[in-house]
$ cat entry_31.txt   # compact mmCIF, N, CA, C and O atoms
# COMPACT_ATOMS: atom_id res chain seq x y z
N MET Z 14 49.20 44.17 28.90
CA MET Z 14 50.29 44.50 29.81
C MET Z 14 49.85 45.63 30.73
O MET Z 14 49.10 46.49 30.33
N LYS Z 15 50.35 45.59 31.94
CA LYS Z 15 50.05 46.65 32.90
C LYS Z 15 50.81 47.92 32.53
O LYS Z 15 51.87 47.87 31.91
N THR Z 16 50.28 49.03 32.97
CA THR Z 16 50.98 50.30 32.78
C THR Z 16 51.89 50.53 33.98
O THR Z 16 51.74 49.87 35.02
N LYS Z 17 52.83 51.45 33.83
CA LYS Z 17 53.75 51.75 34.94
C LYS Z 17 52.99 52.18 36.18
O LYS Z 17 53.39 51.86 37.30
N ASP Z 18 51.89 52.90 36.00
CA ASP Z 18 51.11 53.37 37.14
C ASP Z 18 50.42 52.23 37.89
O ASP Z 18 50.11 52.36 39.07
N GLU Z 19 50.18 51.12 37.22
CA GLU Z 19 49.51 49.98 37.85
C GLU Z 19 50.48 49.07 38.61
O GLU Z 19 50.05 48.21 39.36
N LEU Z 20 51.77 49.26 38.39
CA LEU Z 20 52.78 48.41 39.02
C LEU Z 20 53.24 49.00 40.35
O LEU Z 20 53.23 50.22 40.53
N PRO Z 21 53.68 48.15 41.27
CA PRO Z 21 54.19 48.65 42.56
C PRO Z 21 55.42 49.53 42.36
O PRO Z 21 56.14 49.41 41.37
N GLU Z 22 55.67 50.39 43.31
CA GLU Z 22 56.84 51.27 43.29
C GLU Z 22 58.14 50.48 43.39
O GLU Z 22 59.12 50.76 42.72
N CYS Z 23 58.14 49.46 44.22
CA CYS Z 23 59.32 48.64 44.47
C CYS Z 23 59.58 47.68 43.32
O CYS Z 23 58.67 46.94 42.92
N PRO Z 24 60.80 47.65 42.77
CA PRO Z 24 61.11 46.72 41.68
C PRO Z 24 60.95 45.25 42.05
O PRO Z 24 60.54 44.44 41.22
N VAL Z 25 61.27 44.89 43.28
CA VAL Z 25 61.11 43.50 43.71
C VAL Z 25 59.62 43.15 43.74
O VAL Z 25 59.21 42.08 43.28
N ALA Z 26 58.80 44.05 44.24
CA ALA Z 26 57.35 43.83 44.27
C ALA Z 26 56.79 43.73 42.85
O ALA Z 26 55.86 42.96 42.60
N THR Z 27 57.36 44.48 41.93
CA THR Z 27 56.94 44.40 40.53
C THR Z 27 57.21 43.01 39.98
O THR Z 27 56.34 42.38 39.36
N THR Z 28 58.41 42.48 40.24
CA THR Z 28 58.77 41.13 39.77
C THR Z 28 57.84 40.10 40.39
O THR Z 28 57.34 39.21 39.69
N VAL Z 29 57.60 40.22 41.68
CA VAL Z 29 56.72 39.28 42.37
C VAL Z 29 55.30 39.36 41.80
O VAL Z 29 54.64 38.34 41.63
N SER Z 30 54.84 40.54 41.45
CA SER Z 30 53.49 40.66 40.90
C SER Z 30 53.36 39.99 39.54
O SER Z 30 52.29 39.52 39.17
N VAL Z 31 54.46 39.89 38.80
CA VAL Z 31 54.43 39.28 37.48
C VAL Z 31 54.63 37.76 37.55
O VAL Z 31 53.95 37.00 36.87
N ILE Z 32 55.56 37.29 38.37
CA ILE Z 32 55.88 35.85 38.40
C ILE Z 32 55.77 35.25 39.78
O ILE Z 32 56.24 34.14 40.01
N GLY Z 33 55.12 35.92 40.70
CA GLY Z 33 55.18 35.53 42.10
C GLY Z 33 54.38 34.33 42.54
O GLY Z 33 54.52 33.91 43.68
N SER Z 34 53.56 33.75 41.68
CA SER Z 34 52.81 32.58 42.16
C SER Z 34 53.61 31.30 41.92
O SER Z 34 54.43 31.22 41.01
N LYS Z 35 53.35 30.32 42.75
CA LYS Z 35 54.01 29.02 42.62
C LYS Z 35 53.81 28.47 41.22
O LYS Z 35 54.76 28.00 40.59
N TRP Z 36 52.60 28.54 40.72
CA TRP Z 36 52.31 27.92 39.43
C TRP Z 36 52.96 28.65 38.28
O TRP Z 36 53.45 28.03 37.34
N LYS Z 37 53.00 29.97 38.33
CA LYS Z 37 53.64 30.73 37.24
C LYS Z 37 55.12 30.38 37.16
O LYS Z 37 55.67 30.22 36.07
N LEU Z 38 55.76 30.25 38.29
CA LEU Z 38 57.18 29.90 38.29
C LEU Z 38 57.40 28.50 37.72
O LEU Z 38 58.34 28.28 36.95
N LEU Z 39 56.53 27.56 38.06
CA LEU Z 39 56.68 26.20 37.54
C LEU Z 39 56.34 26.13 36.05
O LEU Z 39 56.96 25.37 35.31
N ILE Z 40 55.39 26.91 35.62
CA ILE Z 40 55.09 27.00 34.18
C ILE Z 40 56.31 27.53 33.44
O ILE Z 40 56.72 26.98 32.42
N MET Z 41 56.90 28.59 33.98
CA MET Z 41 58.09 29.17 33.34
C MET Z 41 59.24 28.17 33.33
O MET Z 41 59.97 28.07 32.34
N ARG Z 42 59.40 27.42 34.41
CA ARG Z 42 60.44 26.39 34.47
C ARG Z 42 60.30 25.43 33.29
O ARG Z 42 61.27 25.10 32.61
N ASN Z 43 59.08 24.99 33.04
CA ASN Z 43 58.84 24.08 31.92
C ASN Z 43 59.11 24.75 30.58
O ASN Z 43 59.73 24.16 29.70
N LEU Z 44 58.65 25.97 30.43
CA LEU Z 44 58.78 26.67 29.15
C LEU Z 44 60.22 27.07 28.85
O LEU Z 44 60.54 27.39 27.70
N LEU Z 45 61.09 27.04 29.85
CA LEU Z 45 62.51 27.30 29.60
C LEU Z 45 63.12 26.21 28.72
O LEU Z 45 64.09 26.43 28.02
N VAL Z 46 62.54 25.01 28.77
CA VAL Z 46 63.07 23.87 28.04
C VAL Z 46 62.59 23.85 26.59
O VAL Z 46 63.37 23.65 25.67
N ARG Z 47 61.26 24.09 26.41
CA ARG Z 47 60.67 24.01 25.07
C ARG Z 47 59.24 24.52 25.14
O ARG Z 47 58.69 24.68 26.23
N PRO Z 48 58.60 24.75 23.99
CA PRO Z 48 57.17 25.08 24.01
C PRO Z 48 56.35 23.86 24.49
O PRO Z 48 56.73 22.72 24.24
N TRP Z 49 55.27 24.14 25.17
CA TRP Z 49 54.42 23.09 25.71
C TRP Z 49 52.97 23.34 25.29
O TRP Z 49 52.54 24.48 25.16
N ARG Z 50 52.21 22.25 25.17
CA ARG Z 50 50.77 22.34 24.96
C ARG Z 50 50.08 22.34 26.32
O ARG Z 50 50.65 21.94 27.33
N PHE Z 51 48.83 22.83 26.32
CA PHE Z 51 48.09 22.97 27.56
C PHE Z 51 48.02 21.65 28.34
O PHE Z 51 48.33 21.60 29.53
N ASN Z 52 47.60 20.58 27.67
CA ASN Z 52 47.44 19.30 28.37
C ASN Z 52 48.76 18.73 28.87
O ASN Z 52 48.80 18.05 29.90
N GLU Z 53 49.85 19.01 28.16
CA GLU Z 53 51.17 18.58 28.64
C GLU Z 53 51.50 19.27 29.95
O GLU Z 53 52.00 18.65 30.89
N LEU Z 54 51.25 20.59 30.00
CA LEU Z 54 51.51 21.35 31.23
C LEU Z 54 50.63 20.82 32.36
O LEU Z 54 51.09 20.62 33.48
N LYS Z 55 49.35 20.60 32.07
CA LYS Z 55 48.42 20.13 33.10
C LYS Z 55 48.89 18.80 33.69
O LYS Z 55 48.85 18.61 34.90
N LYS Z 56 49.35 17.88 32.84
CA LYS Z 56 49.82 16.58 33.31
C LYS Z 56 51.12 16.70 34.11
O LYS Z 56 51.33 16.00 35.09
N ASP Z 57 52.00 17.61 33.70
CA ASP Z 57 53.31 17.73 34.35
C ASP Z 57 53.24 18.48 35.67
O ASP Z 57 54.04 18.22 36.57
N LEU Z 58 52.32 19.41 35.79
CA LEU Z 58 52.22 20.23 37.00
C LEU Z 58 51.23 19.58 37.96
O LEU Z 58 50.06 19.93 38.02
N ASP Z 59 51.72 18.62 38.72
CA ASP Z 59 50.89 17.83 39.62
C ASP Z 59 50.15 18.73 40.61
O ASP Z 59 50.78 19.50 41.35
N GLY Z 60 48.83 18.65 40.61
CA GLY Z 60 48.03 19.40 41.57
C GLY Z 60 47.40 20.67 41.03
O GLY Z 60 46.54 21.25 41.69
N ILE Z 61 47.79 21.12 39.85
CA ILE Z 61 47.22 22.35 39.31
C ILE Z 61 45.85 22.04 38.71
O ILE Z 61 45.65 21.01 38.07
N SER Z 62 44.90 22.93 38.95
CA SER Z 62 43.57 22.75 38.37
C SER Z 62 43.55 23.36 36.97
O SER Z 62 44.39 24.21 36.63
N GLN Z 63 42.60 22.95 36.19
CA GLN Z 63 42.47 23.48 34.83
C GLN Z 63 42.23 24.99 34.88
O GLN Z 63 42.80 25.74 34.09
N LYS Z 64 41.41 25.45 35.83
CA LYS Z 64 41.10 26.87 35.96
C LYS Z 64 42.34 27.68 36.30
O LYS Z 64 42.60 28.72 35.70
N VAL Z 65 43.12 27.20 37.26
CA VAL Z 65 44.33 27.92 37.67
C VAL Z 65 45.34 27.95 36.53
O VAL Z 65 45.96 29.00 36.28
N LEU Z 66 45.50 26.84 35.81
CA LEU Z 66 46.42 26.82 34.67
C LEU Z 66 45.95 27.80 33.60
O LEU Z 66 46.75 28.59 33.08
N THR Z 67 44.67 27.77 33.27
CA THR Z 67 44.12 28.68 32.27
C THR Z 67 44.33 30.13 32.68
O THR Z 67 44.81 30.95 31.89
N ASP Z 68 43.98 30.46 33.92
CA ASP Z 68 44.13 31.83 34.42
C ASP Z 68 45.59 32.27 34.42
O ASP Z 68 45.91 33.40 34.04
N SER Z 69 46.48 31.37 34.85
CA SER Z 69 47.91 31.70 34.89
C SER Z 69 48.46 31.96 33.49
O SER Z 69 49.18 32.94 33.27
N LEU Z 70 48.11 31.10 32.55
CA LEU Z 70 48.59 31.28 31.17
C LEU Z 70 48.06 32.58 30.57
O LEU Z 70 48.80 33.31 29.91
N ARG Z 71 46.79 32.87 30.81
CA ARG Z 71 46.21 34.12 30.28
C ARG Z 71 46.91 35.35 30.86
O ARG Z 71 47.25 36.29 30.14
N THR Z 72 47.12 35.33 32.17
CA THR Z 72 47.78 36.46 32.82
C THR Z 72 49.21 36.62 32.32
O THR Z 72 49.66 37.73 32.04
N MET Z 73 49.91 35.51 32.19
CA MET Z 73 51.30 35.57 31.71
C MET Z 73 51.37 36.07 30.27
O MET Z 73 52.28 36.82 29.91
N GLU Z 74 50.38 35.70 29.47
CA GLU Z 74 50.33 36.20 28.09
C GLU Z 74 50.04 37.70 28.09
O GLU Z 74 50.68 38.46 27.37
N GLU Z 75 49.09 38.14 28.92
CA GLU Z 75 48.77 39.57 29.03
C GLU Z 75 49.98 40.38 29.50
O GLU Z 75 50.19 41.50 29.06
N ASP Z 76 50.78 39.79 30.39
CA ASP Z 76 51.96 40.48 30.91
C ASP Z 76 53.15 40.40 29.95
O ASP Z 76 54.20 40.98 30.23
N GLY Z 77 53.00 39.68 28.84
CA GLY Z 77 54.06 39.60 27.85
C GLY Z 77 55.15 38.59 28.17
O GLY Z 77 56.20 38.59 27.53
N ILE Z 78 54.91 37.70 29.13
CA ILE Z 78 55.92 36.72 29.55
C ILE Z 78 55.93 35.51 28.62
O ILE Z 78 56.97 34.92 28.38
N ILE Z 79 54.75 35.13 28.13
CA ILE Z 79 54.66 33.99 27.23
C ILE Z 79 53.93 34.37 25.96
O ILE Z 79 53.24 35.40 25.90
N THR Z 80 54.09 33.51 24.95
CA THR Z 80 53.32 33.66 23.71
C THR Z 80 52.43 32.44 23.56
O THR Z 80 52.75 31.35 24.04
N ARG Z 81 51.33 32.64 22.91
CA ARG Z 81 50.36 31.57 22.63
C ARG Z 81 50.23 31.48 21.13
O ARG Z 81 49.82 32.44 20.48
N THR Z 82 50.57 30.34 20.56
CA THR Z 82 50.49 30.14 19.12
C THR Z 82 49.43 29.10 18.82
O THR Z 82 49.48 27.98 19.34
N VAL Z 83 48.46 29.49 17.98
CA VAL Z 83 47.40 28.58 17.58
C VAL Z 83 47.69 28.13 16.15
O VAL Z 83 47.86 28.96 15.25
N TYR Z 84 47.78 26.83 15.97
CA TYR Z 84 48.02 26.26 14.65
C TYR Z 84 46.68 25.87 14.03
O TYR Z 84 45.88 25.21 14.70
N PRO Z 85 46.43 26.32 12.80
CA PRO Z 85 45.12 26.04 12.17
C PRO Z 85 44.99 24.59 11.72
O PRO Z 85 45.18 24.25 10.56
N GLU Z 86 44.69 23.73 12.66
CA GLU Z 86 44.54 22.30 12.41
C GLU Z 86 43.24 21.84 13.05
O GLU Z 86 42.66 22.54 13.87
N VAL Z 87 42.82 20.65 12.70
CA VAL Z 87 41.69 20.04 13.35
C VAL Z 87 42.18 18.74 13.99
O VAL Z 87 42.68 17.88 13.27
N PRO Z 88 42.10 18.58 15.29
CA PRO Z 88 41.66 19.57 16.27
C PRO Z 88 42.70 20.68 16.44
O PRO Z 88 43.86 20.50 16.08
N PRO Z 89 42.29 21.83 17.01
CA PRO Z 89 43.22 22.95 17.17
C PRO Z 89 44.45 22.55 17.99
O PRO Z 89 44.35 21.78 18.93
N HIS Z 90 45.57 23.06 17.60
CA HIS Z 90 46.85 22.80 18.25
C HIS Z 90 47.36 24.14 18.77
O HIS Z 90 47.57 25.05 17.99
N VAL Z 91 47.49 24.25 20.09
CA VAL Z 91 47.94 25.50 20.72
C VAL Z 91 49.21 25.20 21.51
O VAL Z 91 49.27 24.23 22.25
N GLU Z 92 50.22 26.04 21.32
CA GLU Z 92 51.47 25.90 22.07
C GLU Z 92 51.77 27.19 22.82
O GLU Z 92 51.51 28.28 22.32
N TYR Z 93 52.34 27.01 24.00
CA TYR Z 93 52.79 28.14 24.82
C TYR Z 93 54.30 28.11 24.88
O TYR Z 93 54.91 27.05 25.02
N ALA Z 94 54.91 29.28 24.76
CA ALA Z 94 56.37 29.40 24.81
C ALA Z 94 56.72 30.70 25.52
O ALA Z 94 55.89 31.61 25.62
N LEU Z 95 57.94 30.77 26.01
CA LEU Z 95 58.39 32.02 26.61
C LEU Z 95 58.60 33.06 25.51
O LEU Z 95 59.12 32.75 24.44
N SER Z 96 58.20 34.27 25.79
CA SER Z 96 58.47 35.39 24.89
C SER Z 96 59.91 35.85 25.12
O SER Z 96 60.61 35.33 26.00
N GLU Z 97 60.32 36.84 24.39
CA GLU Z 97 61.66 37.40 24.61
C GLU Z 97 61.77 37.96 26.03
O GLU Z 97 62.78 37.79 26.71
N LEU Z 98 60.70 38.59 26.47
CA LEU Z 98 60.68 39.12 27.85
C LEU Z 98 60.75 37.98 28.86
O LEU Z 98 61.49 38.05 29.84
N GLY Z 99 60.02 36.91 28.60
CA GLY Z 99 60.07 35.74 29.49
C GLY Z 99 61.45 35.11 29.51
O GLY Z 99 61.95 34.72 30.57
N GLU Z 100 62.10 35.03 28.35
CA GLU Z 100 63.47 34.50 28.27
C GLU Z 100 64.43 35.33 29.10
O GLU Z 100 65.40 34.81 29.64
N SER Z 101 64.17 36.62 29.21
CA SER Z 101 65.06 37.49 29.99
C SER Z 101 65.04 37.14 31.48
O SER Z 101 65.91 37.57 32.23
N MET Z 102 64.07 36.32 31.89
CA MET Z 102 63.98 35.90 33.29
C MET Z 102 64.75 34.61 33.55
O MET Z 102 64.81 34.13 34.69
N ARG Z 103 65.36 34.05 32.52
CA ARG Z 103 66.12 32.81 32.66
C ARG Z 103 67.16 32.90 33.79
O ARG Z 103 67.26 31.99 34.62
N PRO Z 104 67.96 33.99 33.88
CA PRO Z 104 68.94 34.06 34.97
C PRO Z 104 68.30 34.03 36.37
O PRO Z 104 68.88 33.46 37.29
N ILE Z 105 67.12 34.60 36.50
CA ILE Z 105 66.42 34.58 37.79
C ILE Z 105 66.05 33.15 38.15
O ILE Z 105 66.29 32.69 39.28
N LEU Z 106 65.47 32.43 37.20
CA LEU Z 106 65.08 31.04 37.45
C LEU Z 106 66.29 30.14 37.65
O LEU Z 106 66.26 29.23 38.49
N ASP Z 107 67.36 30.40 36.90
CA ASP Z 107 68.59 29.62 37.10
C ASP Z 107 69.15 29.85 38.50
O ASP Z 107 69.61 28.91 39.15
N ALA Z 108 69.10 31.09 38.97
CA ALA Z 108 69.58 31.40 40.32
C ALA Z 108 68.70 30.72 41.37
O ALA Z 108 69.21 30.21 42.37
N MET Z 109 67.39 30.69 41.14
CA MET Z 109 66.48 30.01 42.08
C MET Z 109 66.77 28.51 42.11
O MET Z 109 66.77 27.89 43.18
N LYS Z 110 67.05 27.93 40.95
CA LYS Z 110 67.38 26.51 40.87
C LYS Z 110 68.68 26.23 41.63
O LYS Z 110 68.75 25.28 42.42
N ALA Z 111 69.69 27.06 41.42
CA ALA Z 111 70.98 26.87 42.10
C ALA Z 111 70.81 27.01 43.61
O ALA Z 111 71.35 26.21 44.38
N TRP Z 112 70.05 28.01 44.04
CA TRP Z 112 69.84 28.21 45.47
C TRP Z 112 69.10 27.02 46.07
O TRP Z 112 69.45 26.52 47.14
N GLY Z 113 68.05 26.56 45.38
CA GLY Z 113 67.28 25.42 45.88
C GLY Z 113 68.12 24.16 45.99
O GLY Z 113 68.01 23.41 46.96
N THR Z 114 68.98 23.94 45.01
CA THR Z 114 69.87 22.77 45.04
C THR Z 114 70.84 22.88 46.22
O THR Z 114 71.03 21.93 46.97
N GLU Z 115 71.43 24.04 46.38
CA GLU Z 115 72.37 24.25 47.47
C GLU Z 115 71.69 24.10 48.84
O GLU Z 115 72.22 23.49 49.76
N TYR Z 116 70.49 24.65 48.95
CA TYR Z 116 69.75 24.55 50.19
C TYR Z 116 69.46 23.09 50.55
O TYR Z 116 69.65 22.68 51.69
N LYS Z 117 69.00 22.33 49.56
CA LYS Z 117 68.71 20.91 49.80
C LYS Z 117 69.96 20.15 50.20
O LYS Z 117 69.91 19.24 51.02
N ASN Z 118 71.12 20.52 49.64
CA ASN Z 118 72.37 19.86 49.98
C ASN Z 118 72.86 20.16 51.40
O ASN Z 118 73.64 19.41 51.97
N THR Z 119 72.40 21.26 51.97
CA THR Z 119 72.82 21.62 53.33
C THR Z 119 71.96 20.94 54.39
O THR Z 119 72.30 20.97 55.57
N LEU Z 120 70.86 20.34 53.98
CA LEU Z 120 69.95 19.72 54.97
C LEU Z 120 70.44 18.35 55.38
O LEU Z 120 71.09 17.65 54.69

$ encode --input "entry_31.txt" --output "structure tokens"
Amino acid sequence: MKTKDELPECPVATTVSVIGSKWKLLIMRNLLVRPWRFNELKKDLDGISQKVLTDSLRTMEEDGIITRTVYPEVPPHVEYALSELGESMRPILDAMKAWGTEYKNTL
């Protein structure tokens, strides 16, 4: 996790630095529903590269937004889920969904 000194002064800029990429938001959208495996996310997020998905998941885990659970099986089974901190962003994503729906309805 970043320290307070590493984060922008502006609270909005802080939020954007944590979840501001297109892919991070779409990953979070999926994880709001249930835990997902890496390949499930890759298949569902049309256009994302393996590298970008890997980097996004690592960064989100470092920032405390998601958890990564490795199940001791052969082959290894890894699931990603929202952490408690990630769950606290549910109202933000719900508001974005509502705004997007309303915007599309006005077109």

$ residues_around --input "entry_31.txt" --residues "region 70-87 of chain Z" --least-positions-apart "3" --cutoff "8 Å" --atoms "all atoms listed in the file" --output "list of chain:residue names"
Z:Met14, Z:Lys15, Z:Ser30, Z:Val31, Z:Trp36, Z:Lys37, Z:Met41, Z:Pro48, Z:Trp49, Z:Gln63, Z:Lys64, Z:Val65, Z:Leu66, Z:Thr67, Z:His90, Z:Val91, Z:Glu92, Z:Tyr93, Z:Ala94, Z:Leu95, Z:Ser96, Z:Glu97, Z:Leu98, Z:Gly99, Z:Glu100, Z:Ser101

$ axis_aligned_box --input "entry_31.txt" --around "region 82-91 of chain Z" --padding-each-side "8 Å" --output "lines of an AutoDock Vina configuration file"
center_x = 46.1
center_y = 24.1
center_z = 16.4
size_x = 24.9
size_y = 28.5
size_z = 27.7

$ atom_distance --input "entry_31.txt" --atom1 "CA of Leu20 (chain Z)" --atom2 "atom O of Asp68 (chain Z)"
17.2 Å

$ select_by_dssp --input "entry_31.txt" --residues "chain Z" --states "strand (DSSP E)" --output "PyMOL selection string"
chain Z and resi 49-50+79-84+90-95

$ closest_residue --input "entry_31.txt" --among "Z:Gly33, Z:Leu39, Z:Lys117, Z:Thr28" --to "Leu58 (chain Z)" --atoms "all atoms listed in the file"
Z:Leu39

$ decode --input "entry_31.txt" --residues "region 84-106 of chain Z" --atoms "N, CA, C and O atoms" --output "mmCIF file, in the first residue's frame"
data_model
loop_
_atom_site.group_PDB
_atom_site.id
_atom_site.type_symbol
_atom_site.label_atom_id
_atom_site.label_comp_id
_atom_site.auth_asym_id
_atom_site.auth_seq_id
_atom_site.Cartn_x
_atom_site.Cartn_y
_atom_site.Cartn_z
ATOM 1 N N TYR Z 84 -5.405 -21.634 -3.583
ATOM 2 C CA TYR Z 84 -5.847 -22.899 -3.012
ATOM 3 C C TYR Z 84 -4.812 -23.970 -3.337
ATOM 4 O O TYR Z 84 -4.407 -24.093 -4.497
ATOM 5 N N PRO Z 85 -4.365 -24.708 -2.316
ATOM 6 C CA PRO Z 85 -3.308 -25.715 -2.541
ATOM 7 C C PRO Z 85 -3.834 -26.953 -3.265
ATOM 8 O O PRO Z 85 -4.132 -27.970 -2.661
ATOM 9 N N GLU Z 86 -3.972 -26.838 -4.559
ATOM 10 C CA GLU Z 86 -4.464 -27.921 -5.402
ATOM 11 C C GLU Z 86 -3.529 -28.075 -6.587
ATOM 12 O O GLU Z 86 -2.704 -27.210 -6.856
ATOM 13 N N VAL Z 87 -3.675 -29.164 -7.290
ATOM 14 C CA VAL Z 87 -2.947 -29.354 -8.530
ATOM 15 C C VAL Z 87 -3.982 -29.508 -9.641
ATOM 16 O O VAL Z 87 -4.805 -30.422 -9.572
ATOM 17 N N PRO Z 88 -4.006 -28.647 -10.635
ATOM 18 C CA PRO Z 88 -3.191 -27.441 -10.762
ATOM 19 C C PRO Z 88 -3.630 -26.364 -9.776
ATOM 20 O O PRO Z 88 -4.738 -26.418 -9.254
ATOM 21 N N PRO Z 89 -2.753 -25.372 -9.526
ATOM 22 C CA PRO Z 89 -3.086 -24.318 -8.562
ATOM 23 C C PRO Z 89 -4.381 -23.594 -8.933
ATOM 24 O O PRO Z 89 -4.659 -23.368 -10.102
ATOM 25 N N HIS Z 90 -5.145 -23.270 -7.945
ATOM 26 C CA HIS Z 90 -6.425 -22.570 -8.105
ATOM 27 C C HIS Z 90 -6.283 -21.239 -7.372
ATOM 28 O O HIS Z 90 -6.054 -21.220 -6.174
ATOM 29 N N VAL Z 91 -6.380 -20.138 -8.121
ATOM 30 C CA VAL Z 91 -6.236 -18.796 -7.542
ATOM 31 C C VAL Z 91 -7.516 -18.019 -7.815
ATOM 32 O O VAL Z 91 -8.019 -18.021 -8.934
ATOM 33 N N GLU Z 92 -8.043 -17.387 -6.781
ATOM 34 C CA GLU Z 92 -9.235 -16.547 -6.933
ATOM 35 C C GLU Z 92 -8.941 -15.131 -6.457
ATOM 36 O O GLU Z 92 -8.207 -14.938 -5.493
ATOM 37 N N TYR Z 93 -9.555 -14.188 -7.148
ATOM 38 C CA TYR Z 93 -9.464 -12.778 -6.780
ATOM 39 C C TYR Z 93 -10.834 -12.327 -6.312
ATOM 40 O O TYR Z 93 -11.851 -12.676 -6.901
ATOM 41 N N ALA Z 94 -10.846 -11.547 -5.237
ATOM 42 C CA ALA Z 94 -12.096 -11.027 -4.681
ATOM 43 C C ALA Z 94 -11.840 -9.617 -4.158
ATOM 44 O O ALA Z 94 -10.700 -9.234 -3.901
ATOM 45 N N LEU Z 95 -12.913 -8.865 -4.007
ATOM 46 C CA LEU Z 95 -12.768 -7.545 -3.405
ATOM 47 C C LEU Z 95 -12.473 -7.697 -1.924
ATOM 48 O O LEU Z 95 -13.051 -8.539 -1.239
ATOM 49 N N SER Z 96 -11.572 -6.878 -1.437
ATOM 50 C CA SER Z 96 -11.298 -6.820 -0.001
ATOM 51 C C SER Z 96 -12.386 -5.960 0.656
ATOM 52 O O SER Z 96 -13.264 -5.416 -0.023
ATOM 53 N N GLU Z 97 -12.296 -5.812 1.944
ATOM 54 C CA GLU Z 97 -13.250 -4.937 2.639
ATOM 55 C C GLU Z 97 -13.118 -3.502 2.117
ATOM 56 O O GLU Z 97 -14.117 -2.811 1.911
ATOM 57 N N LEU Z 98 -11.892 -3.091 1.878
ATOM 58 C CA LEU Z 98 -11.663 -1.752 1.318
ATOM 59 C C LEU Z 98 -12.256 -1.644 -0.088
ATOM 60 O O LEU Z 98 -12.901 -0.655 -0.428
ATOM 61 N N GLY Z 99 -12.077 -2.682 -0.887
ATOM 62 C CA GLY Z 99 -12.662 -2.692 -2.232
ATOM 63 C C GLY Z 99 -14.178 -2.655 -2.183
ATOM 64 O O GLY Z 99 -14.818 -1.958 -2.971
ATOM 65 N N GLU Z 100 -14.769 -3.400 -1.249
ATOM 66 C CA GLU Z 100 -16.229 -3.391 -1.081
ATOM 67 C C GLU Z 100 -16.735 -1.999 -0.725
ATOM 68 O O GLU Z 100 -17.847 -1.631 -1.088
ATOM 69 N N SER Z 101 -15.921 -1.224 -0.029
ATOM 70 C CA SER Z 101 -16.350 0.131 0.351
ATOM 71 C C SER Z 101 -16.509 1.036 -0.868
ATOM 72 O O SER Z 101 -17.110 2.105 -0.774
ATOM 73 N N MET Z 102 -16.020 0.591 -2.026
ATOM 74 C CA MET Z 102 -16.157 1.369 -3.260
ATOM 75 C C MET Z 102 -17.430 1.012 -4.024
ATOM 76 O O MET Z 102 -17.711 1.604 -5.068
ATOM 77 N N ARG Z 103 -18.202 0.072 -3.510
ATOM 78 C CA ARG Z 103 -19.444 -0.339 -4.168
ATOM 79 C C ARG Z 103 -20.353 0.861 -4.481
ATOM 80 O O ARG Z 103 -20.864 0.970 -5.597
ATOM 81 N N PRO Z 104 -20.576 1.799 -3.537
ATOM 82 C CA PRO Z 104 -21.446 2.943 -3.864
ATOM 83 C C PRO Z 104 -20.916 3.791 -5.025
ATOM 84 O O PRO Z 104 -21.703 4.312 -5.812
ATOM 85 N N ILE Z 105 -19.606 3.893 -5.143
ATOM 86 C CA ILE Z 105 -19.015 4.659 -6.245
ATOM 87 C C ILE Z 105 -19.333 3.980 -7.571
ATOM 88 O O ILE Z 105 -19.774 4.625 -8.532
ATOM 89 N N LEU Z 106 -19.120 2.670 -7.625
ATOM 90 C CA LEU Z 106 -19.389 1.928 -8.858
ATOM 91 C C LEU Z 106 -20.878 1.879 -9.165
ATOM 92 O O LEU Z 106 -21.277 1.962 -10.337
#
